[in-house]
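Enquirer: What follows is a structure written as structure tokens; I'll ask about it next.
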Amino acid sequence: MHLSVVYVTVGTTKFDGLINVVTSAPVLCALQKLKCQKLVLQHGNSTPVEDSELQLIHEKYGIQVDQYKFRPNTEDIQAADVIIGHAGAGTCMDILNNGKAGLIVVNDELMDNHQLELARQLASEQYLYYCKVNEVSTKLASLDFEALRPYEPGTENMRKFIEALNELMSH
């Protein structure tokens, strides 16, 4: 599978670990092997990548990197071949409702982290993959994004999703 355009989103959170790992040599090598040409980073409240580093990434890996803090992201989602995002409910629903392949990265630095339960549930239904920050490069190198089930945004799926969210939040 070719991943020409990869969109990375942290939503409104600060998740420096995700931004740092997707701009690390192991992940960039994995993206290069998957024929990635463009990497779009929505860094939210995380520290942005230095312009000099973005230039080095382009020179070394042939990957153009665009980044921004916040903006409407519908076009970025629709243009992406795969989305790598934090495991927030909004990001998960954006991926599913737009019929995109996704790798959800759990931020295990959060207190009372419900992201893992949500990610596990969506992965068990084969809608998305999930991993921890230190696993992103190996997951990109080994996952078959075409094997994911398409999410059908119907009443039954939405009902199940809301029930799962309500159960997670009640703990």
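Chains: A, B, ... in order of the structure tokens. Residues: from 1 per chain. Ligands: from 1, in order shown.
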Write out as JSON lines the residues of stretch 89-133 of chain A that have any atom within 12 Å of an atom of stretch 59-74 of chain A, one row each with the nearest atom pair and its distance in Å to one decimal, counting only C-alpha atoms, sorted by chain and then rising number.
Expert:
```
{"residue": "A:Thr91", "atom": "CA", "partner": "A:Asn73", "partner_atom": "CA", "distance": 10.6}
{"residue": "A:Asp94", "atom": "CA", "partner": "A:Thr74", "partner_atom": "CA", "distance": 8.6}
{"residue": "A:Ile95", "atom": "CA", "partner": "A:Thr74", "partner_atom": "CA", "distance": 10.2}
{"residue": "A:Asn97", "atom": "CA", "partner": "A:Thr74", "partner_atom": "CA", "distance": 11.0}
{"residue": "A:Asn98", "atom": "CA", "partner": "A:Thr74", "partner_atom": "CA", "distance": 8.9}
{"residue": "A:Lys100", "atom": "CA", "partner": "A:Thr74", "partner_atom": "CA", "distance": 11.9}
```
Enquirer: For N, CA and C atoms, I'd like the residues from the last selection saved as a CSV table (one decimal), in the first residue's frame.
Expert:
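again_2.csv, written as the output of this step:
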```
chain,number,residue,atom,x,y,z
A,91,THR,N,-11.3,12.6,17.2
A,91,THR,CA,-10.4,12.2,16.1
A,91,THR,C,-10.8,10.8,15.6
A,94,ASP,N,-13.8,11.3,13.4
A,94,ASP,CA,-13.4,12.0,12.1
A,94,ASP,C,-12.8,10.9,11.1
A,95,ILE,N,-12.0,10.1,11.6
A,95,ILE,CA,-11.4,9.0,10.8
A,95,ILE,C,-12.4,8.1,10.3
A,97,ASN,N,-15.8,8.4,10.2
A,97,ASN,CA,-16.9,9.0,9.3
A,97,ASN,C,-16.4,9.4,8.0
A,98,ASN,N,-15.1,9.6,7.8
A,98,ASN,CA,-14.5,9.9,6.5
A,98,ASN,C,-14.0,8.7,5.7
A,100,LYS,N,-11.6,6.7,6.4
A,100,LYS,CA,-10.1,6.6,6.3
A,100,LYS,C,-9.5,5.5,7.1
```
Enquirer: Could you please write out, as a PyMOL selection string, every residue of stretch 22-58 of chain A that DSSP assigns to strand (DSSP E or B)?
Expert: chain A and resi 38-42
Enquirer: Give me the residues of stretch 138-162 of chain A that have any atom at most 9 Å from an atom of stretch 23-30 of chain A; for each, the nearest atom pair and the distance in Å, rounded to one decimal. Use only C-alpha atoms, sort by chain and number, and format it as CSV.
Expert:
```
residue,atom,partner,partner_atom,distance
A:Thr138,CA,A:Ala30,CA,7.9
A:Leu140,CA,A:Ala30,CA,6.3
A:Ala141,CA,A:Ala30,CA,5.6
```
Enquirer: List every residue of stretch 69-108 of chain A that DSSP, applied to the backbone of this structure, places in alpha helix (DSSP H), and write the result as a PyMOL selection string.
Expert: chain A and resi 74-79+89-97
Enquirer: Hey, could you make a per-residue contact list for stretch 114-159 of chain A against stretch 11-21 of chain A with 9 Å as the cut-off, showing the nearest pair of atoms and its distance in Å to one decimal, counting only C-alpha atoms, sorted by chain and number, as a tab-separated table?
Expert:
```
residue	atom	partner	partner_atom	distance
A:Val133	CA	A:Leu18	CA	6.1
A:Asn134	CA	A:Val21	CA	7.5
A:Val136	CA	A:Val21	CA	7.4
A:Ser137	CA	A:Val21	CA	8.2
```
Enquirer: To one decimal in Å, tell me the separation between atom CA of A:Ser4 and atom CA of A:Glu146.
Expert: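 Interatomic distance here is 14.4 Å.
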Enquirer: Please list as a ChimeraX atom specification every residue within 12 Å of A:Leu96, counting only C-alpha atoms and excluding residues in the same chain fewer than 2 positions away.
Expert: /A:77-78,82-83,89-94,98-104,122-123,125-129,148-154,157-158,161
Enquirer: Taking C-alpha atoms for each residue, export the selection above as a JSON list (two decimals), in the first residue's frame.
Expert:
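File selection.json, as written:
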```json
[["chain", "number", "residue", "atom", "x", "y", "z"],
["A", 77, "ILE", "CA", -8.61, 14.31, 6.41],
["A", 78, "GLN", "CA", -10.14, 13.75, 2.98],
["A", 82, "VAL", "CA", -3.93, 7.28, 6.35],
["A", 83, "ILE", "CA", -4.42, 9.29, 9.53],
["A", 89, "ALA", "CA", -13.13, 10.37, 20.54],
["A", 90, "GLY", "CA", -13.41, 13.30, 18.10],
["A", 91, "THR", "CA", -10.36, 12.19, 16.13],
["A", 92, "CYS", "CA", -11.57, 8.59, 16.03],
["A", 93, "MET", "CA", -14.98, 9.67, 14.72],
["A", 94, "ASP", "CA", -13.39, 11.97, 12.11],
["A", 98, "ASN", "CA", -14.54, 9.94, 6.50],
["A", 99, "GLY", "CA", -13.83, 6.31, 5.63],
["A", 100, "LYS", "CA", -10.10, 6.63, 6.28],
["A", 101, "ALA", "CA", -7.55, 4.14, 7.53],
["A", 102, "GLY", "CA", -6.20, 5.11, 10.91],
["A", 103, "LEU", "CA", -3.49, 4.40, 13.41],
["A", 104, "ILE", "CA", -4.51, 5.73, 16.80],
["A", 122, "LEU", "CA", -12.32, 0.21, 17.79],
["A", 123, "ALA", "CA", -9.41, -2.13, 17.03],
["A", 125, "GLU", "CA", -14.04, -4.27, 15.66],
["A", 126, "GLN", "CA", -11.27, -3.86, 13.03],
["A", 127, "TYR", "CA", -12.09, -0.21, 12.29],
["A", 128, "LEU", "CA", -8.71, 1.23, 13.36],
["A", 129, "TYR", "CA", -5.31, 0.14, 14.58],
["A", 148, "LEU", "CA", -9.51, -2.52, 8.12],
["A", 149, "ARG", "CA", -13.29, -2.72, 7.95],
["A", 150, "PRO", "CA", -15.10, 0.29, 6.53],
["A", 151, "TYR", "CA", -17.16, 2.09, 9.13],
["A", 152, "GLU", "CA", -20.77, 2.51, 8.15],
["A", 153, "PRO", "CA", -22.11, 5.60, 9.87],
["A", 154, "GLY", "CA", -25.54, 4.22, 10.59],
["A", 157, "ASN", "CA", -22.80, 1.77, 14.73],
["A", 158, "MET", "CA", -23.37, 5.18, 16.26],
["A", 161, "PHE", "CA", -20.10, 3.91, 19.80]]
```
Enquirer: Taking only C-alpha atoms into account, name the residue in A:His2, A:His86, A:Lys160, A:Lys139 that is nearest to A:Gln121.
Expert: A:Lys160
Enquirer: Just how far from atom CA of A:Leu116 is atom CA of A:Tyr7, in Å to one decimal?
Expert: 20.8 Å
Enquirer: How many Å separate atom CA of A:Leu143 from atom CA of A:Leu3?
Expert: 12.1 Å
